[in-house]
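Below is start_37.cif, holding mmCIF, C-alpha atoms.
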data_coords
#
loop_
_atom_site.label_atom_id
_atom_site.label_comp_id
_atom_site.auth_asym_id
_atom_site.auth_seq_id
_atom_site.Cartn_x
_atom_site.Cartn_y
_atom_site.Cartn_z
CA MET A 1 0.00 0.00 0.00
CA GLN A 2 1.32 3.45 -0.85
CA ALA A 3 2.33 5.87 1.85
CA SER A 4 -0.10 8.62 2.71
CA LYS A 5 -0.22 11.57 0.31
CA SER A 6 -2.10 13.65 2.87
CA GLY A 7 -0.71 16.58 4.80
CA PHE A 8 -0.53 14.56 8.01
CA GLN A 9 3.07 13.34 7.90
CA SER A 10 4.02 16.00 10.46
CA HIS A 11 0.84 15.55 12.53
CA PRO A 12 1.78 14.03 15.93
CA GLY A 13 -1.64 12.54 16.72
CA TYR A 14 -2.24 11.04 13.29
CA ARG A 15 1.26 9.58 12.99
CA ARG A 16 1.05 8.09 16.49
CA MET A 17 -2.11 6.18 15.56
CA PHE A 18 -1.80 5.21 11.90
CA ALA A 19 0.55 3.43 9.52
CA PRO A 20 -0.15 1.10 6.57
CA ASP A 21 -0.68 -2.58 7.39
CA GLN A 22 -0.27 -2.00 11.14
CA LEU A 23 -2.70 -1.69 14.04
CA THR A 24 -2.49 0.40 17.20
CA ILE A 25 -4.67 0.44 20.32
CA GLY A 26 -6.67 3.23 21.91
CA ILE A 27 -9.02 3.38 24.90
CA PHE A 28 -12.57 4.72 24.77
CA LEU A 29 -13.82 6.80 27.67
CA PRO A 30 -15.59 6.59 30.05
CA LEU A 31 -13.76 3.87 31.94
CA ARG A 32 -16.91 3.13 33.92
CA PHE A 33 -20.51 3.14 32.70
CA TYR A 34 -22.67 6.02 33.96
CA THR A 35 -25.63 4.77 36.00
CA GLY A 36 -26.84 8.06 37.47
CA GLN A 37 -23.91 9.12 39.63
CA MET A 38 -20.88 11.22 38.67
CA GLU A 39 -18.84 8.97 40.95
CA ALA A 40 -18.43 6.73 37.91
CA LEU A 41 -15.83 9.20 36.63
CA LYS A 42 -13.89 9.52 39.86
CA ASP A 43 -10.12 9.41 39.21
CA GLN A 44 -10.66 8.79 35.49
CA ALA A 45 -8.19 11.53 34.49
CA GLU A 46 -5.50 9.89 36.61
CA VAL A 47 -6.05 6.63 34.72
CA VAL A 48 -5.81 8.55 31.45
CA GLN A 49 -2.43 9.78 32.63
CA LEU A 50 -1.46 6.14 33.14
CA ILE A 51 -2.71 5.31 29.63
CA ASP A 52 -0.43 8.07 28.34
CA GLU A 53 2.56 6.83 30.36
CA LEU A 54 2.05 3.23 29.21
CA ASN A 55 2.18 4.43 25.59
CA PHE A 56 -1.27 3.58 24.25
CA ALA A 57 -1.89 5.33 20.94
CA ALA A 58 -5.04 7.30 21.78
CA VAL A 59 -7.89 8.05 24.13
CA TRP A 60 -11.36 8.57 22.66
CA VAL A 61 -14.32 10.64 23.87
CA ARG A 62 -17.94 10.54 22.78
CA ASP A 63 -20.12 13.50 21.77
CA VAL A 64 -23.50 13.13 23.48
CA PRO A 65 -25.18 16.54 23.95
CA LEU A 66 -28.36 15.16 25.55
CA TYR A 67 -28.72 11.95 27.55
CA ASP A 68 -31.62 9.87 26.28
CA PRO A 69 -32.31 7.10 28.85
CA GLY A 70 -33.84 5.04 26.06
CA PHE A 71 -30.46 5.02 24.36
CA GLN A 72 -28.76 3.87 27.59
CA ASP A 73 -25.46 5.59 26.84
CA ALA A 74 -24.43 8.98 28.21
CA GLY A 75 -20.89 8.89 26.86
CA GLN A 76 -18.27 10.36 29.17
CA LEU A 77 -20.79 13.06 30.21
CA PHE A 78 -18.56 16.11 29.68
CA ASP A 79 -18.55 18.18 26.51
CA PRO A 80 -15.95 16.43 24.34
CA PHE A 81 -13.96 19.55 23.52
CA ALA A 82 -13.88 20.87 27.08
CA TYR A 83 -12.87 17.43 28.33
CA LEU A 84 -10.15 16.93 25.74
CA SER A 85 -8.71 20.32 26.73
CA TYR A 86 -8.62 19.15 30.33
CA LEU A 87 -6.97 15.86 29.34
CA ALA A 88 -4.51 17.64 27.07
CA ALA A 89 -3.18 19.47 30.13
CA LYS A 90 -2.76 16.19 32.02
CA THR A 91 -1.06 14.17 29.26
CA ARG A 92 1.98 14.58 27.03
CA HIS A 93 1.94 12.13 24.16
CA VAL A 94 -1.34 10.21 23.72
CA ALA A 95 -3.50 11.20 20.74
CA LEU A 96 -6.81 12.85 21.67
CA ALA A 97 -9.66 11.58 19.51
CA THR A 98 -13.36 12.35 19.17
CA GLY A 99 -15.53 9.35 18.50
CA SER A 100 -17.39 11.08 17.10
CA ALA A 101 -18.06 14.83 16.93
CA ILE A 102 -21.57 15.39 15.59
CA PHE A 103 -21.01 17.83 12.72
CA THR A 104 -24.71 18.36 12.06
CA LEU A 105 -25.52 19.75 15.52
CA ARG A 106 -22.91 22.50 15.81
CA HIS A 107 -21.96 25.34 13.55
CA PRO A 108 -18.66 24.69 11.73
CA ILE A 109 -17.14 27.94 13.06
CA ASP A 110 -17.68 26.72 16.62
CA LEU A 111 -16.42 23.25 15.73
CA ALA A 112 -13.30 24.68 14.09
CA LYS A 113 -12.59 27.10 16.95
CA SER A 114 -12.84 24.28 19.52
CA ALA A 115 -10.80 21.88 17.39
CA LEU A 116 -8.02 24.40 16.71
CA SER A 117 -7.85 25.32 20.38
CA ILE A 118 -7.31 21.70 21.42
CA ASP A 119 -4.94 21.11 18.51
CA VAL A 120 -2.65 23.95 19.58
CA LEU A 121 -2.99 23.40 23.34
CA SER A 122 -2.07 19.72 22.93
CA GLY A 123 0.76 20.24 20.46
CA GLY A 124 -1.05 18.65 17.53
CA ARG A 125 -2.56 15.58 19.13
CA LEU A 126 -6.21 16.00 18.07
CA VAL A 127 -7.73 13.48 15.64
CA MET A 128 -11.42 13.98 14.88
CA GLY A 129 -13.87 11.21 14.29
CA ILE A 130 -16.92 12.94 12.81
CA ALA A 131 -20.52 11.84 12.27
CA SER A 132 -23.95 13.04 11.20
CA GLY A 133 -25.67 11.84 14.39
CA ASP A 134 -27.98 8.93 15.17
CA ARG A 135 -30.00 9.93 18.26
CA PRO A 136 -33.50 11.00 17.16
CA VAL A 137 -34.10 13.17 20.23
CA GLU A 138 -31.25 15.53 19.40
CA PHE A 139 -32.44 16.91 16.06
CA PRO A 140 -35.74 18.50 17.18
CA ALA A 141 -33.94 19.77 20.29
CA TYR A 142 -31.58 21.69 17.98
CA GLY A 143 -34.44 22.74 15.70
CA MET A 144 -33.21 20.54 12.86
CA ASN A 145 -34.82 18.07 10.51
CA ALA A 146 -33.14 14.70 10.95
CA ASP A 147 -33.87 13.82 7.33
CA GLU A 148 -31.61 16.68 6.20
CA ARG A 149 -28.59 15.70 8.25
CA GLY A 150 -26.74 14.06 5.35
CA GLU A 151 -26.67 17.28 3.33
CA ARG A 152 -25.86 19.39 6.39
CA PHE A 153 -22.99 17.04 7.25
CA ARG A 154 -21.41 17.55 3.82
CA GLU A 155 -21.82 21.32 4.05
CA ALA A 156 -20.38 21.42 7.57
CA VAL A 157 -17.34 19.37 6.55
CA ALA A 158 -16.62 21.66 3.58
CA PHE A 159 -17.10 24.80 5.71
CA PHE A 160 -14.90 23.41 8.51
CA ARG A 161 -12.11 22.44 6.13
CA GLU A 162 -12.06 25.84 4.47
CA LEU A 163 -11.74 27.53 7.88
CA ILE A 164 -8.93 25.20 8.93
CA ARG A 165 -6.90 25.17 5.72
CA GLN A 166 -7.23 28.75 4.49
CA ARG A 167 -5.75 31.68 6.38
CA HIS A 168 -8.28 34.05 4.78
CA PRO A 169 -11.23 31.85 3.80
CA SER A 170 -13.93 32.86 1.36
CA ILE A 171 -17.02 30.78 2.13
CA HIS A 172 -20.48 30.98 0.61
CA SER A 173 -22.68 28.35 2.18
CA SER A 174 -26.22 27.88 3.44
CA LEU A 175 -24.54 27.69 6.86
CA GLY A 176 -23.00 31.14 6.57
CA GLN A 177 -20.91 33.62 4.62
CA VAL A 178 -17.27 34.27 5.52
CA SER A 179 -14.83 36.78 4.00
CA GLY A 180 -12.14 39.19 5.17
CA VAL A 181 -11.50 37.43 8.49
CA GLU A 182 -9.11 34.86 9.93
CA LEU A 183 -9.86 32.03 12.34
CA LEU A 184 -7.24 31.75 15.09
CA PRO A 185 -5.27 29.90 16.28
CA ARG A 186 -3.91 28.22 13.16
CA PRO A 187 -3.45 24.41 13.06
CA THR A 188 -0.11 23.14 14.33
CA ALA A 189 0.48 20.81 11.35
CA GLY A 190 -1.54 22.66 8.72
CA ASP A 191 -4.70 20.54 8.99
CA ILE A 192 -6.80 18.39 11.33
CA PRO A 193 -7.68 14.79 10.34
CA LEU A 194 -11.39 14.12 9.85
CA ILE A 195 -12.32 10.45 10.17
CA VAL A 196 -15.83 9.72 8.87
CA THR A 197 -17.89 7.46 11.16
CA GLY A 198 -20.12 4.80 9.61
CA SER A 199 -21.85 6.12 6.52
CA SER A 200 -22.84 9.49 8.06
CA ARG A 201 -25.52 9.35 5.35
CA GLN A 202 -22.88 9.55 2.60
CA SER A 203 -21.92 7.28 -0.27
CA LEU A 204 -18.82 5.12 -0.05
CA ASP A 205 -17.36 7.13 -2.93
CA TRP A 206 -17.79 10.36 -0.96
CA ILE A 207 -16.19 8.84 2.14
CA ALA A 208 -13.25 7.55 0.08
CA GLU A 209 -12.75 10.96 -1.52
CA GLN A 210 -13.54 13.36 1.31
CA GLY A 211 -12.66 11.47 4.48
CA ASP A 212 -9.14 11.33 5.92
CA GLY A 213 -10.03 7.86 7.20
CA TRP A 214 -13.01 5.68 8.06
CA LEU A 215 -14.36 4.46 11.39
CA THR A 216 -16.86 1.60 11.19
CA TYR A 217 -18.49 -0.92 13.46
CA PRO A 218 -16.50 -4.16 13.65
CA GLU A 219 -19.09 -6.74 12.59
CA ALA A 220 -19.22 -9.84 14.84
CA THR A 221 -16.16 -10.27 17.06
CA ALA A 222 -16.69 -13.70 18.64
CA ASP A 223 -15.45 -15.69 15.63
CA HIS A 224 -13.60 -15.34 12.32
CA SER A 225 -16.70 -14.47 10.28
CA GLY A 226 -16.91 -10.86 11.48
CA PRO A 227 -13.29 -9.91 10.64
CA LYS A 228 -13.71 -11.54 7.23
CA ARG A 229 -16.77 -9.40 6.48
CA LEU A 230 -14.94 -6.36 7.81
CA ALA A 231 -12.00 -7.10 5.49
CA GLN A 232 -14.34 -7.12 2.50
CA LYS A 233 -15.86 -3.79 3.55
CA ILE A 234 -12.44 -2.18 4.01
CA SER A 235 -11.17 -3.53 0.69
CA THR A 236 -14.20 -2.18 -1.18
CA TRP A 237 -13.65 1.26 0.38
CA ARG A 238 -9.92 1.33 -0.30
CA ASP A 239 -10.47 0.40 -3.93
CA LYS A 240 -12.29 3.72 -4.28
CA ILE A 241 -9.45 5.85 -2.88
CA VAL A 242 -7.88 7.76 -5.77
CA GLY A 243 -4.29 6.78 -6.49
CA GLY A 244 -4.23 4.05 -3.87
CA ALA A 245 -3.09 6.53 -1.20
CA PHE A 246 -3.15 5.27 2.36
CA LYS A 247 -6.12 6.27 4.48
CA PRO A 248 -6.58 4.59 7.85
CA HIS A 249 -9.46 2.41 8.96
CA MET A 250 -10.58 2.21 12.59
CA THR A 251 -13.00 0.06 14.49
CA ASN A 252 -13.99 -0.37 18.13
CA GLU A 253 -15.36 -2.91 20.57
CA TRP A 254 -16.66 -2.86 24.13
CA ILE A 255 -14.84 -5.63 25.98
CA ASP A 256 -15.17 -7.40 29.30
CA LEU A 257 -11.58 -8.55 29.74
CA VAL A 258 -11.61 -11.34 32.32
CA ASP A 259 -8.59 -12.40 34.36
CA ASP A 260 -8.46 -15.89 32.79
CA PRO A 261 -6.18 -15.36 29.75
CA ASP A 262 -7.65 -18.44 28.01
CA HIS A 263 -11.31 -17.44 28.31
CA PRO A 264 -12.83 -17.80 24.80
CA ARG A 265 -14.32 -14.90 22.87
CA THR A 266 -17.95 -14.87 24.03
CA PRO A 267 -20.61 -12.38 22.86
CA LEU A 268 -22.79 -10.73 25.52
CA ARG A 269 -25.99 -8.68 25.11
CA GLY A 270 -26.52 -9.90 21.59
CA GLY A 271 -22.94 -9.17 20.59
CA PHE A 272 -22.89 -5.63 22.01
CA ILE A 273 -20.09 -6.62 24.42
CA LEU A 274 -17.29 -9.14 23.96
CA ARG A 275 -16.18 -11.13 27.00
CA THR A 276 -12.73 -12.57 26.47
CA GLY A 277 -9.35 -13.32 27.97
CA ARG A 278 -6.29 -11.55 26.67
CA LYS A 279 -5.34 -14.38 24.29
CA GLY A 280 -8.72 -14.15 22.59
CA LEU A 281 -8.37 -10.37 22.38
CA ILE A 282 -4.91 -10.65 20.79
CA GLN A 283 -6.35 -13.12 18.28
CA LEU A 284 -9.18 -10.70 17.40
CA LEU A 285 -6.77 -7.79 16.99
CA GLU A 286 -4.55 -9.92 14.74
CA GLU A 287 -7.58 -10.75 12.59
CA TRP A 288 -8.48 -7.07 12.41
CA GLN A 289 -4.96 -6.16 11.39
CA VAL A 290 -5.04 -8.71 8.57
CA ALA A 291 -8.43 -7.28 7.56
CA GLY A 292 -6.86 -3.84 7.12
CA VAL A 293 -7.77 -2.16 10.42
CA ASN A 294 -5.18 0.41 11.50
CA HIS A 295 -6.50 1.34 14.93
CA ALA A 296 -8.69 -0.44 17.48
CA ALA A 297 -10.46 1.64 20.12
CA LEU A 298 -11.36 -0.56 23.10
CA GLY A 299 -14.07 0.36 25.58
CA ILE A 300 -13.82 -1.22 29.03
CA GLN A 301 -16.75 0.53 30.70
CA PHE A 302 -18.74 -2.70 30.93
CA SER A 303 -15.90 -4.75 32.40
CA SER A 304 -16.25 -6.18 35.87
CA ARG A 305 -12.59 -5.66 36.83
CA PRO A 306 -11.05 -2.34 37.98
CA PRO A 307 -9.99 -0.13 35.06
CA VAL A 308 -6.38 0.19 36.24
CA GLU A 309 -6.04 -3.59 36.40
CA ILE A 310 -7.31 -3.95 32.81
CA ILE A 311 -5.13 -1.12 31.50
CA GLN A 312 -2.04 -2.65 33.07
CA GLU A 313 -2.79 -6.09 31.64
CA LEU A 314 -3.37 -4.63 28.19
CA ALA A 315 -0.11 -2.69 28.41
CA GLU A 316 1.92 -5.69 29.58
CA TYR A 317 0.52 -8.45 27.36
CA VAL A 318 -1.40 -6.95 24.43
CA LEU A 319 0.24 -3.64 23.56
CA PRO A 320 3.64 -5.21 22.71
CA HIS A 321 1.93 -7.03 19.80
CA PHE A 322 0.47 -3.75 18.47
CA PRO A 323 2.90 -0.99 19.46
CA THR A 324 2.15 2.70 19.14
CA HIS A 325 4.06 4.37 16.31
CA PRO A 326 6.79 6.80 17.38
CA GLY A 327 5.93 9.55 14.87
CA PRO A 328 6.88 13.18 15.45
CA SER A 329 6.86 14.49 19.02
CA PRO A 330 4.01 16.81 20.00
CA LEU A 331 4.77 20.37 18.98
CA TYR A 332 5.16 23.26 21.38
CA SER A 333 2.39 23.17 23.98
CA ASN A 334 3.80 25.00 26.99
CA TRP A 335 0.94 27.43 27.19
#
What does this structure look like when you write it as structure tokens?
Amino acid sequence: MQASKSGFQSHPGYRRMFAPDQLTIGIFLPLRFYTGQMEALKDQAEVVQLIDELNFAAVWVRDVPLYDPGFQDAGQLFDPFAYLSYLAAKTRHVALATGSAIFTLRHPIDLAKSALSIDVLSGGRLVMGIASGDRPVEFPAYGMNADERGERFREAVAFFRELIRQRHPSIHSSLGQVSGVELLPRPTAGDIPLIVTGSSRQSLDWIAEQGDGWLTYPEATADHSGPKRLAQKISTWRDKIVGGAFKPHMTNEWIDLVDDPDHPRTPLRGGFILRTGRKGLIQLLEEWQVAGVNHAALGIQFSSRPPVEIIQELAEYVLPHFPTHPGPSPLYSNW
């Protein structure tokens, strides 16, 4: 596979996470599932510092503006951009990723201002998963028509990119008109990676052309059939990338990592969670790597063991098989 032709070769976060034919590991937040009490997040930032010190590739945060109990997932509760700023100040190397920022619900100027702020404050460690949104309650709350989110997503991406890439942008969009101004601060590495999540109501051709990468659900993870289907999906997408340039693929799984290393890969809650020992997890990650996955984001919020115990086991036994890429060091961030 050809090396990337993108402008991300000097981007610390992107280079830490992605390289052709290789897979790295990130951790999805929260580390404990929210059940009504903020105590679930107690000491989480300290564990994120440990994740950074143990050299995981990335930490991921969700974007959930409104908690819908029917959806049974409140994310990590905090605004993703405010929380990543907080974590940027507590970490030094780990990539900071959104999984995923809902581009339909915020104006692209606000998205770009928040993204650039974290980018510069963290020394270039921000990688943005982006999506069109899938929670029905959010669209009427924002005064939007959910059926129009595909078109708005495309417009927001174009608007955002123009603000990020051009020092003096000239934008004429249904979302706003911009001329004669500059958005500050400027990106540390010239651009911010935008990783499209799922379809985001776009065609595969659009994702291959416009996305800087693709984040999809993993298919089944308890046996070989899921990775095989995933491999076909990734191959079909990569065949559409002009010039065969490298663009990374990511997937994720919620795991219940048990202390028995030989525990077989066992689906729970209809496959929503994977219970496994570390040997089964390593096997799954190897299958993903063969399938063309370049980064695996693991969520441990449903695990029965303490987060620190799981993080340490992953670092000792799993991470050596899928090491984080050295890449360029984070740029100046002593603000």
Using only C-alpha atoms, which of the listed residues (A:Leu66, A:Leu268, A:Ile192, A:Leu23) sits closest to Trp288 of chain A? A:Leu23
Resolved residues for the PyMOL selection byres ((chain A and resi 286) around 12) as a PyMOL selection string: chain A and resi 21-25+221+224+227-228+279-285+287-296+318-319+321-322
Best match for closeness to Pro20 of chain A among A:Ile255, A:Ala220, A:Ala315, A:Ala245, counting all atoms listed in the file: A:Ala245
Given all atoms listed in the file as the counted atoms, nearest of A:Asp223, A:Glu39, A:Glu182, A:Glu209 to His168 of chain A: A:Glu182
Atomic separation - atom CA of Pro320 of chain A relative to atom CA of Tyr86 of chain A, Å: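 So the answer is 28.3 Å.
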Measuring between all atoms listed in the file, which one of A:Arg186, A:Arg152, A:Arg32, A:Arg15 shows the shortest distance to Gly299 of chain A? A:Arg32
With distances taken over all atoms listed in the file, which residue among A:Leu29, A:Leu105, A:Ile130, A:Val47 lies nearest Asp73 of chain A?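 Of all the options, A:Leu29 lies closest to Asp73 of chain A.
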How would you write, as a PyMOL selection string, the residues chosen by the PyMOL selection byres ((chain A and resi 246) around 12) on this structure? chain A and resi 1-9+18-22+208-209+211-214+237-245+247-249+292-294
Padding of 5 Å on every side, edges along x, y and z, all listed atoms of segment 56-72 of chain A included: what centre and edge lengths in Å, to one decimal, does that box have, as AutoDock Vina command-line options?
--center_x -17.6 --center_y 10.1 --center_z 24.9 --size_x 42.6 --size_y 23.0 --size_z 17.9
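Each of A:Leu204, A:Arg161, A:Glu313, A:Ser235 was compared to Leu257 of chain A using only C-alpha atoms, and A:Glu313 turns out to be the nearest.
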So that I can check the surroundings of Ile118 of chain A, please list as a short mmCIF file (atom, residue, chain, number, x, y, z; two decimals) with C-alpha atoms, in the coordinates of the input every protein, DNA and RNA residue that reaches within 10 Å of it, counting all atoms listed in the file and ignoring chain neighbours fewer than 4 positions away.
data_model
loop_
_atom_site.label_atom_id
_atom_site.label_comp_id
_atom_site.auth_asym_id
_atom_site.auth_seq_id
_atom_site.Cartn_x
_atom_site.Cartn_y
_atom_site.Cartn_z
CA PHE A 81 -13.96 19.55 23.52
CA ALA A 82 -13.88 20.87 27.08
CA TYR A 83 -12.87 17.43 28.33
CA LEU A 84 -10.15 16.93 25.74
CA SER A 85 -8.71 20.32 26.73
CA TYR A 86 -8.62 19.15 30.33
CA LEU A 87 -6.97 15.86 29.34
CA ALA A 88 -4.51 17.64 27.07
CA ALA A 89 -3.18 19.47 30.13
CA LEU A 96 -6.81 12.85 21.67
CA ALA A 112 -13.30 24.68 14.09
CA LYS A 113 -12.59 27.10 16.95
CA SER A 114 -12.84 24.28 19.52
CA SER A 122 -2.07 19.72 22.93
CA GLY A 123 0.76 20.24 20.46
CA GLY A 124 -1.05 18.65 17.53
CA ARG A 125 -2.56 15.58 19.13
CA LEU A 126 -6.21 16.00 18.07
CA PRO A 185 -5.27 29.90 16.28
CA PRO A 187 -3.45 24.41 13.06
#
Within 12 Å of Gln312 of chain A using all atoms listed in the file, minus same-chain residues under 6 positions, as a PyMOL selection string: chain A and resi 47-48+50-56+257+259+278+305-306+318-319
Which residues are near Met17 of chain A? Cut-off 7 Å, only C-alpha atoms, ignore same chain within fewer than 4 positions. Put them as a VMD selection string. chain A and resid 13 24 57 to 58 295 324 to 325
Quick check, in Å to one decimal: how far apart do atom CA of Ile234 of chain A and atom CA of Pro218 of chain A lie?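 Separation of atom CA of Ile234 of chain A and atom CA of Pro218 of chain A: 10.6 Å.
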In Å, with one decimal, what is the gap from atom CA of Asp262 of chain A to atom CA of Trp60 of chain A? 27.8 Å
Can you spell out as a VMD selection string the set of residues that the PyMOL selection byres ((chain A and resi 300) around 10) selects in the structure I just provided? chain A and resid 27 to 33 253 to 257 273 297 to 299 301 to 307 310 to 311
